[in-house]
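Input: a single structure, listed below in structure tokens.
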Amino acid sequence: MSLAKNFKLYKDEIELVCEQNRVECDLYSIIAHIIRESKQREKVSLRDVSVRRGTEFSKTFRGNSGFPDFVVRTREKSNSAKVLGAIEVKYVTENLDSEDHLEQLGGHIAFYKKVLYTNGLEWRYYNSKKPENNWKIILGKIIGNTIVWEEESQWKHLLNNLNGMEWIE
């Protein structure tokens, strides 16, 4: 069964990251897999721009806070494909509400308008054009040195929200 459909596999992967590698970038493939398995996959292209540098080719990816981890674009084979939004990932134990992170997030929201923001445990979506569509889902919390996971219903809620996202309006 696909990681994007199985909460147990997802939890295992997040816990393995915490035990074996402890770096933000190890979450990228997990997050990308889930996004690419959502219903949006036929409409959008997900590009990892986390290691981009300021070149002429990459200038369309650079927002007010630098480069996000992923840029969501229309699904066309062209560098002029429209940029639809961004995804910013933080390491599992990072507080998404820390001042530094919120400053970066604010720059991403101002530039990209639609931003998915996660540390793997908490998922947030911001749409500056339609703030009524913003949401937050908590899959788990760190208590001591342990992840305490929420019920599978939260996972299903996340998948429903990801499937219902409208990157293209």
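Identifiers in this document derive from the order of the structure tokens: chains are assigned A, B, ..., residues are numbered from 1 separately in each chain, and ligands are numbered from 1 in order of occurrence.
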
Quick one: which region 91-140 of chain A residues come within 12 Å of region 2-7 of chain A, and what is the nearest atom pair for each with the distance in Å to one decimal, counting only C-alpha atoms, rows ordered by chain and ascending number, as JSON lines?
```
{"residue": "A:Gly120", "atom": "CA", "partner": "A:Phe7", "partner_atom": "CA", "distance": 11.9}
{"residue": "A:Leu121", "atom": "CA", "partner": "A:Phe7", "partner_atom": "CA", "distance": 11.8}
{"residue": "A:Leu139", "atom": "CA", "partner": "A:Phe7", "partner_atom": "CA", "distance": 9.6}
{"residue": "A:Gly140", "atom": "CA", "partner": "A:Phe7", "partner_atom": "CA", "distance": 11.5}
```

Filtering to all heavy atoms, could you give me those residues as a short mmCIF file (atom, residue, chain, number, x, y, z; two decimals), in the first residue's frame?
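Saved as result-v7.cif:
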```cif
data_model
loop_
_atom_site.label_atom_id
_atom_site.label_comp_id
_atom_site.auth_asym_id
_atom_site.auth_seq_id
_atom_site.Cartn_x
_atom_site.Cartn_y
_atom_site.Cartn_z
N GLY A 120 5.53 17.82 9.31
CA GLY A 120 5.16 16.41 9.28
C GLY A 120 4.14 16.04 10.33
O GLY A 120 3.36 15.11 10.13
N LEU A 121 4.14 16.75 11.45
CA LEU A 121 3.17 16.49 12.51
C LEU A 121 1.99 17.45 12.41
O LEU A 121 0.85 17.08 12.68
CB LEU A 121 3.81 16.63 13.89
CG LEU A 121 4.96 15.68 14.20
CD1 LEU A 121 5.51 15.95 15.60
CD2 LEU A 121 4.54 14.23 14.06
N LEU A 139 -1.47 16.03 13.29
CA LEU A 139 -1.40 14.57 13.25
C LEU A 139 -0.75 14.00 14.49
O LEU A 139 -0.98 12.84 14.83
CB LEU A 139 -0.62 14.11 12.01
CG LEU A 139 -1.19 14.47 10.66
CD1 LEU A 139 -0.26 13.99 9.55
CD2 LEU A 139 -2.58 13.90 10.48
N GLY A 140 0.09 14.81 15.13
CA GLY A 140 0.79 14.33 16.32
C GLY A 140 1.50 15.47 17.01
O GLY A 140 1.62 16.57 16.46
#
```

Query - For Ser80 (chain A): contacts at 12 Å, only C-alpha atoms, fewer than 2 positions along chain excluded, given as a list of chain:residue names - result: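 My reading of the contact set: A:Phe57, A:Ser58, A:Lys59, A:Thr60, A:Phe61, A:Arg73, A:Thr74, A:Arg75, A:Glu76, A:Lys77, A:Ser78, A:Lys82, A:Val83, A:Leu84.
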
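CA of Glu150 (chain A) to CA of Pro131 (chain A) spans 25.6 Å [interatomic distance, one decimal].
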
Report task. Just the residues within 9 Å of Gln104 (chain A), please, counting only C-alpha atoms, with nothing from its chain fewer than 6 positions along; format it as a list in words. Result ->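 In the requested form, the answer reads Asn64, Ser65, Gly66 and Pro68 of chain A.
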
Report task. Find the residue from A:Asn119, A:Ser128, A:Asn160, A:Ser50 that sits nearest to Gly85 (chain A); use only C-alpha atoms when measuring. Result ->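 For Gly85 (chain A), the nearest of the given residues is A:Ser128.
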
Query - Backbone-only DSSP, strand (DSSP E or B) members of region 68-158 of chain A, as a ChimeraX atom specification - result: /A:70-74,83-89,114-118,122-127,135-138,140-143,146-149

Report task. Enter the distance from CA of Asn95 (chain A) to CA of Arg53 (chain A), in Å, rounded to one decimal. Result ->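 Distance between the two atoms: 26.2 Å.
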
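Of the residues under consideration (A:Ser38, A:Asn127, A:Asn21, A:Asn79), A:Ser38 shows the shortest atom-to-atom contact distance to Gly164 (chain A) when counting only C-alpha atoms.
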
Query raised in the report: Looking only at the backbone, which of the residues in region 17-72 of chain A does DSSP tag as helix (DSSP H, G or I), as a VMD selection string?
Result: chain A and resid 17 to 20 25 to 36 39 to 42 59 to 61
